[in-house]
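**Q** One file is attached below, query_38.tsv, containing TSV, C-alpha atoms and all ligand atoms.
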chain	number	residue	atom	x	y	z
A	1	MET	CA	25.41	-2.82	57.69
A	2	LYS	CA	25.92	-1.12	54.34
A	3	ASN	CA	27.16	-4.43	52.89
A	4	ILE	CA	24.12	-6.33	54.13
A	5	PHE	CA	21.87	-3.67	52.63
A	6	PHE	CA	23.72	-3.99	49.30
A	7	ILE	CA	23.45	-7.82	49.30
A	8	LEU	CA	19.74	-7.62	50.13
A	9	CYS	CA	19.26	-5.16	47.26
A	10	VAL	CA	21.01	-7.53	44.82
A	11	ILE	CA	18.97	-10.54	45.98
A	12	PHE	CA	15.73	-8.57	45.89
A	13	SER	CA	16.36	-7.04	42.46
A	14	SER	CA	17.49	-10.32	40.86
A	15	SER	CA	14.38	-12.13	42.12
A	16	LEU	CA	12.18	-9.26	40.97
A	17	PHE	CA	13.75	-8.63	37.55
A	18	GLY	CA	14.97	-12.11	36.64
A	19	GLN	CA	18.28	-12.87	34.96
A	20	ILE	CA	20.45	-10.67	32.83
A	21	VAL	CA	20.49	-12.32	29.40
A	22	ILE	CA	23.00	-11.37	26.72
A	23	ASP	CA	21.96	-12.51	23.29
A	24	ARG	CA	23.05	-11.75	19.74
A	25	VAL	CA	21.71	-12.08	16.23
A	26	ILE	CA	23.53	-11.33	12.99
A	27	SER	CA	21.86	-9.84	9.94
A	28	LYS	CA	23.05	-11.03	6.54
A	29	VAL	CA	22.13	-11.14	2.87
A	30	ASP	CA	22.85	-14.24	0.77
A	31	LEU	CA	25.31	-13.57	-2.04
A	32	SER	CA	23.79	-16.42	-4.05
A	33	PRO	CA	20.56	-18.44	-3.70
A	34	GLN	CA	21.00	-21.03	-0.91
A	35	TYR	CA	17.69	-21.56	0.83
A	36	GLU	CA	16.01	-24.74	-0.43
A	37	LEU	CA	12.26	-24.71	-1.00
A	38	TYR	CA	10.09	-27.83	-1.04
A	39	ASP	CA	10.45	-28.34	-4.80
A	40	GLY	CA	14.23	-28.19	-4.64
A	41	SER	CA	14.60	-24.68	-6.02
A	42	LEU	CA	16.93	-22.26	-4.25
A	43	VAL	CA	16.27	-18.68	-3.24
A	44	SER	CA	18.37	-15.88	-1.69
A	45	LEU	CA	17.39	-14.57	1.71
A	46	MET	CA	17.92	-11.37	3.61
A	47	GLY	CA	17.69	-12.43	7.21
A	48	TYR	CA	19.07	-13.24	10.62
A	49	THR	CA	21.24	-16.02	11.97
A	50	LYS	CA	23.04	-16.68	15.24
A	51	LEU	CA	26.27	-17.99	13.74
A	52	ILE	CA	28.82	-15.87	11.87
A	53	GLY	CA	29.47	-18.60	9.32
A	54	GLY	CA	25.94	-19.99	9.44
A	55	ALA	CA	23.26	-19.93	6.79
A	56	ILE	CA	20.38	-17.51	7.21
A	57	ASP	CA	17.52	-19.12	9.11
A	58	LEU	CA	13.95	-18.86	7.83
A	59	PRO	CA	12.27	-17.88	10.05
A	60	ALA	CA	15.06	-16.32	12.10
A	61	PRO	CA	16.12	-18.28	15.19
A	62	THR	CA	13.37	-18.26	17.83
A	63	LEU	CA	14.43	-16.14	20.79
A	64	TYR	CA	13.39	-17.53	24.19
A	65	TYR	CA	13.42	-15.44	27.35
A	66	ASN	CA	11.86	-15.80	30.77
A	67	GLU	CA	9.43	-13.34	32.24
A	68	GLY	CA	11.36	-10.57	33.99
A	69	ASP	CA	14.68	-11.19	32.22
A	70	SER	CA	16.78	-8.11	31.54
A	71	VAL	CA	17.64	-8.74	27.91
A	72	ASN	CA	20.60	-7.23	26.05
A	73	LEU	CA	19.95	-8.23	22.46
A	74	LYS	CA	22.83	-7.30	20.17
A	75	LEU	CA	22.38	-6.90	16.43
A	76	TRP	CA	25.54	-7.23	14.34
A	77	ASN	CA	24.89	-6.22	10.76
A	78	LEU	CA	27.14	-8.20	8.42
A	79	SER	CA	25.09	-7.45	5.32
A	80	GLN	CA	26.19	-4.84	2.79
A	81	ASN	CA	24.19	-1.80	1.70
A	82	ALA	CA	20.97	-1.29	3.63
A	83	PRO	CA	21.00	-0.92	7.42
A	84	HIS	CA	18.80	-3.17	9.57
A	85	THR	CA	17.02	-3.12	12.92
A	86	ILE	CA	15.14	-5.44	15.23
A	87	HIS	CA	11.57	-4.33	15.85
A	88	LEU	CA	10.14	-6.12	18.90
A	89	HIS	CA	6.59	-6.59	17.64
A	90	GLY	CA	4.07	-6.69	20.50
A	91	LEU	CA	6.57	-6.33	23.35
A	92	ASP	CA	6.20	-3.46	25.80
A	93	VAL	CA	9.58	-1.83	25.23
A	94	ASP	CA	10.53	1.85	25.09
A	95	GLN	CA	10.71	3.70	21.78
A	96	GLN	CA	14.51	3.79	21.76
A	97	ASN	CA	14.68	-0.01	21.83
A	98	ASP	CA	11.82	-0.76	19.46
A	99	GLY	CA	13.80	-0.82	16.21
A	100	VAL	CA	11.77	1.72	14.22
A	101	PRO	CA	14.54	3.70	12.45
A	102	SER	CA	12.68	7.02	12.19
A	103	LEU	CA	12.01	6.98	15.96
A	104	SER	CA	15.32	5.50	17.08
A	105	TRP	CA	18.49	4.20	15.44
A	106	GLN	CA	19.44	1.66	12.81
A	107	VAL	CA	22.45	-0.61	12.46
A	108	HIS	CA	24.72	0.00	9.47
A	109	HIS	CA	27.15	-2.43	7.82
A	110	ASN	CA	29.52	-4.03	10.35
A	111	GLU	CA	28.04	-2.08	13.26
A	112	THR	CA	26.76	-3.72	16.44
A	113	LYS	CA	24.07	-2.12	18.56
A	114	THR	CA	22.17	-3.45	21.56
A	115	TYR	CA	18.46	-3.47	22.31
A	116	GLU	CA	17.73	-3.41	26.03
A	117	PHE	CA	14.39	-4.45	27.48
A	118	ILE	CA	12.74	-6.41	30.26
A	119	ALA	CA	10.93	-9.49	28.88
A	120	PRO	CA	7.27	-8.71	29.54
A	121	HIS	CA	4.25	-11.01	29.89
A	122	PRO	CA	4.79	-14.66	28.94
A	123	GLY	CA	3.47	-15.11	25.43
A	124	THR	CA	4.23	-15.20	21.73
A	125	TYR	CA	5.78	-12.21	19.99
A	126	ILE	CA	7.54	-11.45	16.71
A	127	TYR	CA	10.78	-9.72	15.86
A	128	HIS	CA	11.49	-8.31	12.43
A	129	CYS	CA	13.51	-5.65	10.63
A	130	HIS	CA	11.79	-2.28	10.33
A	131	VAL	CA	13.95	-0.79	7.53
A	132	VAL	CA	11.98	-0.66	4.25
A	133	THR	CA	9.81	-3.19	6.06
A	134	PRO	CA	7.88	-4.73	3.14
A	135	ILE	CA	11.10	-5.74	1.36
A	136	HIS	CA	13.27	-6.69	4.34
A	137	LEU	CA	10.48	-8.64	5.98
A	138	GLN	CA	9.62	-10.52	2.77
A	139	GLY	CA	13.36	-11.12	2.35
A	140	GLY	CA	13.26	-13.22	5.51
A	141	MET	CA	14.00	-10.80	8.37
A	142	TYR	CA	11.44	-12.21	10.82
A	143	GLY	CA	11.29	-14.67	13.67
A	144	MET	CA	9.40	-15.57	16.84
A	145	LEU	CA	10.18	-14.27	20.29
A	146	ILE	CA	8.72	-16.39	23.07
A	147	VAL	CA	8.53	-15.30	26.68
A	148	LEU	CA	8.20	-18.24	29.07
A	149	PRO	CA	7.09	-17.94	32.70
A	150	ALA	CA	9.86	-16.96	35.11
A	151	ASP	CA	10.28	-20.57	36.30
A	152	SER	CA	10.38	-22.03	32.71
A	153	SER	CA	7.56	-24.42	33.66
A	154	LYS	CA	5.32	-25.92	30.98
A	155	THR	CA	2.66	-23.36	31.81
A	156	THR	CA	1.19	-20.90	29.32
A	157	TRP	CA	1.74	-18.05	31.80
A	158	THR	CA	2.11	-17.81	35.56
A	159	GLY	CA	-1.08	-19.30	36.97
A	160	GLY	CA	-2.22	-20.29	33.44
A	161	TYR	CA	-2.74	-23.65	31.73
A	162	THR	CA	-0.21	-26.46	31.99
A	163	TYR	CA	0.70	-28.42	28.87
A	164	ASP	CA	2.67	-31.53	27.92
A	165	LYS	CA	4.03	-30.53	24.50
A	166	ASP	CA	4.31	-27.29	22.61
A	167	TYR	CA	4.71	-26.42	18.94
A	168	SER	CA	5.38	-22.99	17.47
A	169	TRP	CA	4.25	-22.28	13.93
A	170	MET	CA	5.10	-19.07	12.15
A	171	THR	CA	3.23	-18.66	8.87
A	172	SER	CA	4.39	-16.54	5.95
A	173	GLU	CA	4.63	-16.55	2.17
A	174	LEU	CA	7.50	-16.19	-0.25
A	175	ASP	CA	7.51	-14.49	-3.65
A	176	THR	CA	10.78	-15.33	-5.41
A	177	ASN	CA	10.52	-12.13	-7.49
A	178	TRP	CA	11.02	-10.15	-4.29
A	179	HIS	CA	14.27	-12.00	-3.56
A	180	SER	CA	16.36	-10.36	-6.26
A	181	ASP	CA	19.74	-8.66	-5.86
A	182	THR	CA	18.19	-5.42	-7.11
A	183	LEU	CA	15.79	-5.29	-4.20
A	184	PHE	CA	18.14	-6.71	-1.56
A	185	ASN	CA	21.15	-4.57	-2.38
A	186	HIS	CA	19.40	-1.24	-2.31
A	187	GLU	CA	21.19	1.67	-0.71
A	188	HIS	CA	18.81	3.31	1.65
A	189	ASP	CA	18.57	6.48	3.67
A	190	THR	CA	15.59	6.33	6.03
A	191	THR	CA	15.87	10.06	6.63
A	192	ALA	CA	15.14	10.79	2.96
A	193	ALA	CA	11.67	12.20	2.52
A	194	ILE	CA	11.09	10.46	-0.78
A	195	MET	CA	12.38	7.09	-1.80
A	196	THR	CA	11.42	5.42	-5.00
A	197	MET	CA	11.90	1.75	-5.63
A	198	GLU	CA	10.14	-0.45	-8.11
A	199	ILE	CA	8.56	-3.40	-6.33
A	200	PRO	CA	6.96	-6.29	-8.22
A	201	ILE	CA	3.30	-7.13	-7.56
A	202	TYR	CA	3.20	-9.50	-4.60
A	203	GLU	CA	2.29	-12.92	-5.97
A	204	PRO	CA	3.83	-15.52	-3.64
A	205	GLN	CA	4.54	-18.97	-5.05
A	206	TYR	CA	5.34	-20.55	-1.66
A	207	PHE	CA	3.12	-20.67	1.41
A	208	LEU	CA	5.12	-21.44	4.50
A	209	VAL	CA	4.99	-22.67	8.06
A	210	ASN	CA	8.34	-22.17	9.77
A	211	GLY	CA	9.87	-21.57	6.34
A	212	LYS	CA	8.67	-24.92	4.98
A	213	SER	CA	5.79	-26.23	2.88
A	214	GLU	CA	4.22	-29.37	1.39
A	215	GLN	CA	6.14	-32.56	2.33
A	216	GLN	CA	8.67	-30.52	4.33
A	217	LEU	CA	5.91	-30.03	6.90
A	218	ASN	CA	6.48	-33.65	7.98
A	219	ASP	CA	9.49	-32.25	9.83
A	220	THR	CA	9.19	-33.54	13.41
A	221	THR	CA	9.51	-30.01	14.82
A	222	ILE	CA	6.36	-29.01	12.89
A	223	SER	CA	4.06	-32.04	12.54
A	224	ILE	CA	2.38	-32.97	15.81
A	225	SER	CA	2.95	-36.31	17.44
A	226	SER	CA	1.31	-36.86	20.77
A	227	LYS	CA	-0.48	-39.33	23.02
A	228	THR	CA	-4.11	-39.39	24.03
A	229	ASN	CA	-5.02	-36.92	26.78
A	230	GLU	CA	-1.78	-35.00	26.43
A	231	VAL	CA	-2.29	-31.25	26.24
A	232	ILE	CA	-0.63	-29.62	23.23
A	233	TYR	CA	0.08	-25.90	23.29
A	234	LEU	CA	0.25	-24.34	19.82
A	235	ARG	CA	1.84	-20.91	19.47
A	236	LEU	CA	0.75	-19.34	16.19
A	237	ALA	CA	2.10	-16.20	14.54
A	238	ASN	CA	1.31	-14.87	11.08
A	239	ILE	CA	4.04	-12.69	9.55
A	240	GLY	CA	2.91	-13.04	5.93
A	241	TYR	CA	0.99	-10.48	3.89
A	242	HIS	CA	-2.07	-12.72	3.59
A	243	GLY	CA	-4.61	-13.94	6.12
A	244	ASN	CA	-4.60	-17.48	7.52
A	245	LYS	CA	-7.54	-19.67	8.39
A	246	PHE	CA	-6.61	-22.59	10.63
A	247	SER	CA	-8.98	-25.59	10.66
A	248	PHE	CA	-8.53	-28.04	13.53
A	249	PRO	CA	-10.00	-31.57	13.60
A	250	SER	CA	-13.07	-31.23	15.86
A	251	SER	CA	-12.02	-34.17	18.04
A	252	LEU	CA	-9.09	-32.05	19.28
A	253	ASN	CA	-11.42	-29.63	21.12
A	254	ALA	CA	-9.32	-26.60	20.14
A	255	LYS	CA	-9.39	-23.88	22.81
A	256	ILE	CA	-8.19	-20.40	21.87
A	257	ILE	CA	-6.70	-19.06	25.08
A	258	SER	CA	-4.54	-16.06	24.22
A	259	SER	CA	-4.09	-13.35	21.64
A	260	ASP	CA	-1.14	-11.06	20.97
A	261	GLY	CA	0.72	-12.03	24.13
A	262	ARG	CA	-2.21	-11.67	26.55
A	263	PRO	CA	-4.73	-14.20	27.93
A	264	LEU	CA	-8.18	-13.82	26.37
A	265	PRO	CA	-10.82	-12.81	28.92
A	266	MET	CA	-12.98	-15.71	27.72
A	267	VAL	CA	-11.64	-18.97	26.31
A	268	GLU	CA	-13.08	-19.59	22.87
A	269	ILE	CA	-13.76	-23.16	21.78
A	270	SER	CA	-13.62	-23.30	17.99
A	271	ASP	CA	-12.49	-25.61	15.20
A	272	SER	CA	-11.32	-22.66	13.14
A	273	LEU	CA	-9.27	-19.55	13.73
A	274	LEU	CA	-8.50	-16.56	11.51
A	275	ILE	CA	-5.13	-14.88	11.95
A	276	THR	CA	-4.29	-11.66	10.13
A	277	PRO	CA	-0.71	-10.43	9.52
A	278	GLY	CA	1.17	-9.61	12.70
A	279	GLU	CA	-1.29	-11.40	15.02
A	280	ARG	CA	-0.39	-14.20	17.42
A	281	TYR	CA	-2.65	-16.74	19.11
A	282	GLY	CA	-2.28	-19.46	21.71
A	283	VAL	CA	-4.33	-22.63	21.15
A	284	LEU	CA	-4.66	-25.73	23.34
A	285	LEU	CA	-5.42	-29.09	21.71
A	286	GLU	CA	-6.26	-32.33	23.43
A	287	GLY	CA	-7.27	-35.60	21.75
A	288	ASN	CA	-9.11	-38.17	23.82
A	289	SER	CA	-8.77	-40.93	21.25
A	290	ALA	CA	-6.23	-42.06	18.68
A	291	LEU	CA	-6.16	-39.95	15.54
A	292	ILE	CA	-4.31	-39.49	12.28
A	293	ASP	CA	-5.45	-36.29	10.67
A	294	SER	CA	-4.15	-32.88	9.71
A	295	ILE	CA	-4.57	-29.24	10.61
A	296	GLN	CA	-5.29	-27.21	7.49
A	297	ILE	CA	-4.07	-23.69	6.92
A	298	ASP	CA	-5.75	-21.69	4.17
A	299	TYR	CA	-3.82	-18.63	2.99
A	300	PHE	CA	-6.33	-16.03	1.76
A	301	ASN	CA	-6.11	-12.63	0.15
A	302	LEU	CA	-7.23	-10.06	2.72
A	303	ASN	CA	-8.94	-7.87	0.12
A	304	SER	CA	-10.79	-10.48	-1.91
A	305	GLY	CA	-11.05	-13.31	0.64
A	306	VAL	CA	-9.92	-15.71	-2.11
A	307	VAL	CA	-7.98	-18.72	-0.79
A	308	LEU	CA	-4.67	-18.82	-2.68
A	309	ASN	CA	-3.19	-21.95	-1.17
A	310	SER	CA	-3.71	-24.56	1.54
A	311	GLN	CA	-1.11	-26.43	3.54
A	312	ASN	CA	-1.73	-29.37	5.84
A	313	ILE	CA	0.24	-30.32	8.91
A	314	ASN	CA	-0.07	-33.90	10.09
A	315	ILE	CA	-1.19	-34.66	13.59
A	316	THR	CA	-0.86	-38.14	15.04
A	317	ILE	CA	-2.29	-38.98	18.42
A	318	GLN	CA	-1.41	-42.44	19.60
A	319	ASN	CA	-2.83	-44.62	22.29
A	320	ALA	CA	-0.22	-46.05	24.60
A	321	ILE	CA	-0.38	-49.21	22.47
A	322	GLY	CA	1.23	-47.44	19.51
A	323	ILE	CA	0.54	-46.34	15.98
A	324	GLU	CA	0.26	-49.82	14.43
A	325	GLU	CA	-2.83	-50.53	16.51
A	326	LEU	CA	-4.84	-47.66	15.04
A	327	SER	CA	-7.83	-49.17	13.31
A	328	ILE	CA	-8.58	-46.07	11.23
A	329	ASN	CA	-5.47	-46.46	9.07
A	330	LYS	CA	-6.14	-47.21	5.44
A	331	PHE	CA	-2.71	-48.81	5.14
A	332	LYS	CA	-0.87	-51.10	7.46
A	333	LEU	CA	2.90	-51.11	7.51
A	334	TYR	CA	5.04	-53.84	9.00
A	335	PRO	CA	7.50	-54.32	10.47
A	336	ASN	CA	7.84	-50.82	11.89
A	337	PRO	CA	10.56	-50.22	13.04
A	338	VAL	CA	11.93	-51.78	9.86
A	339	LYS	CA	15.37	-53.09	8.97
A	340	ASP	CA	15.13	-54.38	5.37
A	341	ASN	CA	11.74	-54.66	3.67
A	342	LEU	CA	8.70	-52.62	4.59
A	343	THR	CA	5.45	-54.35	3.68
A	344	ILE	CA	2.38	-52.27	2.83
A	345	ILE	CA	-1.10	-53.74	3.15
A	346	PHE	CA	-4.26	-51.98	2.03
A	347	ASN	CA	-6.88	-51.98	4.80
A	348	ASP	CA	-9.28	-50.01	2.72
A	349	ARG	CA	-10.26	-50.40	-0.92
A	350	GLU	CA	-8.33	-47.48	-2.34
A	351	THR	CA	-7.71	-48.75	-5.84
A	352	ILE	CA	-4.36	-47.32	-6.95
A	353	VAL	CA	-2.10	-45.08	-4.90
A	354	ASP	CA	1.33	-43.45	-5.08
A	355	ALA	CA	3.61	-43.69	-2.07
A	356	THR	CA	6.49	-41.35	-1.30
A	357	ILE	CA	9.01	-41.77	1.50
A	358	PHE	CA	10.50	-38.57	2.95
A	359	SER	CA	13.26	-37.95	5.43
A	360	ALA	CA	12.43	-35.90	8.54
A	361	GLU	CA	13.93	-32.91	6.69
A	362	GLY	CA	11.50	-33.39	3.82
A	363	LYS	CA	13.89	-34.90	1.23
A	364	ILE	CA	12.32	-37.51	-1.04
A	365	ILE	CA	14.00	-40.87	-0.36
A	366	LYS	CA	11.85	-43.16	-2.50
A	367	SER	CA	8.84	-42.69	-4.70
A	368	ILE	CA	6.67	-45.64	-5.74
A	369	LYS	CA	3.90	-45.05	-8.24
A	370	GLY	CA	0.78	-47.10	-8.88
A	371	LEU	CA	0.57	-49.40	-5.85
A	372	GLN	CA	-2.53	-51.56	-6.19
A	373	ASP	CA	-4.88	-53.15	-3.72
A	374	LYS	CA	-4.06	-56.70	-4.69
A	375	ALA	CA	-0.77	-58.10	-3.57
A	376	ASN	CA	1.36	-57.15	-0.60
A	377	HIS	CA	3.92	-54.54	-1.54
A	378	LYS	CA	7.44	-54.69	-0.21
A	379	ILE	CA	9.71	-51.65	-0.29
A	380	ASN	CA	13.39	-52.36	0.17
A	381	LEU	CA	14.85	-49.92	2.68
A	382	GLN	CA	18.17	-51.71	3.15
A	383	ASP	CA	20.13	-48.84	1.61
A	384	VAL	CA	18.33	-46.16	3.67
A	385	PRO	CA	20.29	-44.87	6.69
A	386	ARG	CA	18.89	-45.32	10.22
A	387	GLY	CA	16.46	-42.62	11.28
A	388	THR	CA	12.90	-41.33	11.21
A	389	TYR	CA	11.06	-41.16	7.89
A	390	PHE	CA	7.54	-40.57	6.68
A	391	ILE	CA	5.56	-42.36	4.01
A	392	GLN	CA	2.79	-40.41	2.36
A	393	PHE	CA	0.03	-42.00	0.29
A	394	LYS	CA	-1.74	-40.07	-2.43
A	395	ASN	CA	-4.53	-41.14	-4.74
A	396	GLN	CA	-4.28	-40.83	-8.52
A	397	SER	CA	-5.70	-37.30	-8.51
A	398	GLY	CA	-2.88	-36.26	-6.18
A	399	SER	CA	-4.94	-35.85	-2.98
A	400	LYS	CA	-3.21	-36.91	0.19
A	401	ILE	CA	-4.77	-39.94	1.86
A	402	GLU	CA	-2.61	-40.39	4.93
A	403	SER	CA	0.95	-40.33	6.24
A	404	HIS	CA	2.78	-42.67	8.59
A	405	LYS	CA	5.99	-42.39	10.49
A	406	ILE	CA	8.58	-45.07	9.74
A	407	ILE	CA	11.49	-45.85	12.02
A	408	LYS	CA	14.45	-47.35	10.11
A	409	HIS	CA	16.85	-49.45	12.17
B	1	CU	CU	16.55	-4.94	7.35
I'd like the structure from this file rewritten - as C-alpha cells, please.
**A**
Amino acid sequence: MKNIFFILCVIFSSSLFGQIVIDRVISKVDLSPQYELYDGSLVSLMGYTKLIGGAIDLPAPTLYYNEGDSVNLKLWNLSQNAPHTIHLHGLDVDQQNDGVPSLSWQVHHNETKTYEFIAPHPGTYIYHCHVVTPIHLQGGMYGMLIVLPADSSKTTWTGGYTYDKDYSWMTSELDTNWHSDTLFNHEHDTTAAIMTMEIPIYEPQYFLVNGKSEQQLNDTTISISSKTNEVIYLRLANIGYHGNKFSFPSSLNAKIISSDGRPLPMVEISDSLLITPGERYGVLLEGNSALIDSIQIDYFNLNSGVVLNSQNINITIQNAIGIEELSINKFKLYPNPVKDNLTIIFNDRETIVDATIFSAEGKIIKSIKGLQDKANHKINLQDVPRGTYFIQFKNQSGSKIESHKIIKH
C-alpha cells in the first residue's frame, strides 16, 4: 500500500511539476578580440557559452524550458578576475536564485553554482549577469530564456494562439570602447561600499539583432521567410541601453499579444511598437498576399528621442507558386536554383544599381558595382559552394532596394 502511494505521488508530482532539467552555461572572457562584426572588425566579449572550448555566443545561447520544469541551471565561471551571476530577468524565482549578488551569491573564478527554479508562465524572458551590470551586460553577458507550454506545442501559451513559425530577436548595441581589457579584467568586490571605475561615455557603433547587423541580418535564423496565411510568432526582447521602435509592414496585420511574459488583456493591432530596455513583447504576423519587404528597427536615445541608427530585417512571404512568380520584384533572377550563371533582369527602371551576394552567415561572396538597365547581366557562380545565399540590390546613394534568396546547386 505504501509503495502504491509512493508511485502515485511520483506520477502526480511529475505531471504537476514537469521534468527535471539539468542545464549548464559557462562564463568566459575573450583573451583577444574574436567576435566578428558586420564590417569584419573583431571585438572581445565577456559572455556565456555552452561549450568549454567554444567561442562566446552573442547573445548567449537561448535557454528553452517547458512550463513547470524543475530547472537546475549551473553556472561555471571560467573567466578570470570578476565573479559572475545569472539574473533571471522577469521570471518568478526566489531571491536566492535570482542572481543579484548583494541579495544572494556570486560565482567566482572556476566555481560552479546552481540556480534552481520552476519554469513559470510560457513567455519570453532574459538572463544576464548582475555583477557590475552595466559593464558585464554590455560585454555580452545576456541571452534569451524562453518558456514553452508544457506540451511544447506551437502555441504561445496554454490555451493561447497557435503559430506556424517563430523567430526570436534580441536587440542590443555594442560600443567597442567598453570592450577593453581594462574594463573586462577588473577585480571586483560587490560587498565594497564604494567602487570607482572609469567608464567611457556610451556611444555604440553597432546596433544589433541577435548579435548581428546590416547584411548579417540576412541570416536565415533572423530574416523571415514564410508562406501566405502562415502565422509567424515574433518574440522580441530589448537588452540594449537605447529604446527600439519596430515598424511592421501594414499588410502583416501585426498583433501585439503579450508583454513581459504575460498575455496582454487586450490584443493591440499596430504597425509600430516601442520597446524600452529590459522589456519583451510577443507579436503575431500574418501576410495574406506575397510580399518582399522589411521590418525596420529604429534605435533611439531614451533621453533625447533621437534615432541613432536603423536596421532592417527582410521578410519574404511567398505564395505556394514560389518567389520567382512575385510580380512586385524589381529584379528577376533566373535560373534559381542556379548552377553556373545567374542572370539578372531589371523589371523596373532603376537606372544603375550595385549588387552584393552574401552567404547565409553574412559574408560577402561577390560584389558587382554599376549594373545598368540595358543588357542582361550574368554573374558566374560556378566557383561558389552549394548553399543558400542572398543578393542585395542598392541604388547609387546606397539605399537598399530589395533582396532575394539564391539557392546554389
Ligand atoms: Cu558578470
**Q** Taking only C-alpha atoms and all ligand atoms into account, report as a count of residues only which residues have an atom no farther than 12 Å from an atom of ligand CU 1 (chain B).
**A** 51
**Q** I'd like the interatomic distance between atom CA of Ile292 of chain A and atom CA of Gly240 of chain A, to a tenth of an Å.
**A**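 If I compute the distance from atom CA of Ile292 of chain A to atom CA of Gly240 of chain A, I get 28.1 Å.
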**Q** Rank A:Ser258, A:Ser251, A:Asn380, A:Thr62 by their smallest atom-to-atom distance to Ile146 of chain A, using all atoms listed in the file, and report the top residue only.
**A**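 Ranked by minimum distance to Ile146 of chain A, first place goes to A:Thr62.
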**Q** Show me, as a PyMOL selection string, the residues that have an atom within 7 Å of segment 271-281 of chain A when counting all atoms listed in the file, minus same-chain residues fewer than 4 positions from it.
**A** chain A and resi 124-125+235-250+254+258-260
**Q** Using all atoms listed in the file, find the one residue out of A:Tyr65, A:Glu173, A:Ile407, A:Ile222 that sits nearest to Pro149 of chain A.
**A**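 Checking each of A:Tyr65, A:Glu173, A:Ile407, A:Ile222 against Pro149 of chain A, counting all atoms listed in the file, the winner is A:Tyr65.
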**Q** Counting all atoms listed in the file, figure out which residue out of A:Ser359, A:Gln392, A:Thr176, A:Asn210 gets nearest to Pro33 of chain A.
**A**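 Looking only at the distances to Pro33 of chain A, the closest residue turns out to be A:Thr176.
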**Q** I need the residue nearest Asn177 of chain A from this list: A:Asn319, A:Gln205, A:Asn395, A:Asn66. Use only C-alpha atoms for the distance.
**A** A:Gln205
**Q** Between atom CA of Thr114 of chain A and atom CA of Ser102 of chain A, what is the spacing in Å?
**A**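 One can read the atom CA of Ser102 of chain A to atom CA of Thr114 of chain A distance as 17.0 Å.
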**Q** Record the distance separating atom CA of Lys332 of chain A and atom CA of Lys394 of chain A, expressed in Å with one decimal.
**A** 14.8 Å
**Q** Using all atoms listed in the file, which of the listed residues (A:Ile357, A:Leu145, A:Leu31, A:Ala55) sits closest to Met170 of chain A?
**A**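 Checking each candidate against Met170 of chain A, we get A:Leu145 as the closest.
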**Q** Between A:Gly54, A:Pro335, A:Gly160, A:Gly40, which residue has the minimum interatomic distance to Gly362 of chain A, considering all atoms listed in the file?
**A**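 Using all atoms listed in the file, the shortest distance to Gly362 of chain A belongs to A:Gly40.
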**Q** Kindly write N, CA and C atoms of segment 382-393 of chain A from the structure just given to a file, as a short mmCIF file (atom, residue, chain, number, x, y, z; two decimals), in the first residue's frame.
**A**
data_model
loop_
_atom_site.label_atom_id
_atom_site.label_comp_id
_atom_site.auth_asym_id
_atom_site.auth_seq_id
_atom_site.Cartn_x
_atom_site.Cartn_y
_atom_site.Cartn_z
N GLN A 382 29.92 29.68 -60.62
CA GLN A 382 30.48 28.32 -60.70
C GLN A 382 31.38 27.98 -59.51
N ASP A 383 32.16 28.99 -59.08
CA ASP A 383 33.14 28.74 -58.01
C ASP A 383 32.54 28.87 -56.61
N VAL A 384 31.25 29.15 -56.54
CA VAL A 384 30.60 29.34 -55.22
C VAL A 384 30.07 27.98 -54.74
N PRO A 385 30.39 27.60 -53.50
CA PRO A 385 29.91 26.30 -53.00
C PRO A 385 28.37 26.25 -52.93
N ARG A 386 27.84 25.01 -52.93
CA ARG A 386 26.39 24.82 -52.82
C ARG A 386 25.89 25.46 -51.53
N GLY A 387 24.68 25.97 -51.56
CA GLY A 387 24.11 26.53 -50.32
C GLY A 387 23.11 27.64 -50.60
N THR A 388 22.71 28.29 -49.52
CA THR A 388 21.75 29.40 -49.62
C THR A 388 22.51 30.72 -49.54
N TYR A 389 22.18 31.63 -50.45
CA TYR A 389 22.83 32.94 -50.49
C TYR A 389 21.76 34.01 -50.64
N PHE A 390 22.19 35.24 -50.50
CA PHE A 390 21.27 36.36 -50.71
C PHE A 390 21.94 37.37 -51.62
N ILE A 391 21.14 37.95 -52.51
CA ILE A 391 21.67 39.04 -53.33
C ILE A 391 20.89 40.30 -52.94
N GLN A 392 21.65 41.34 -52.67
CA GLN A 392 21.03 42.59 -52.24
C GLN A 392 21.33 43.67 -53.27
N PHE A 393 20.29 44.39 -53.68
CA PHE A 393 20.46 45.48 -54.65
C PHE A 393 20.36 46.82 -53.93
#
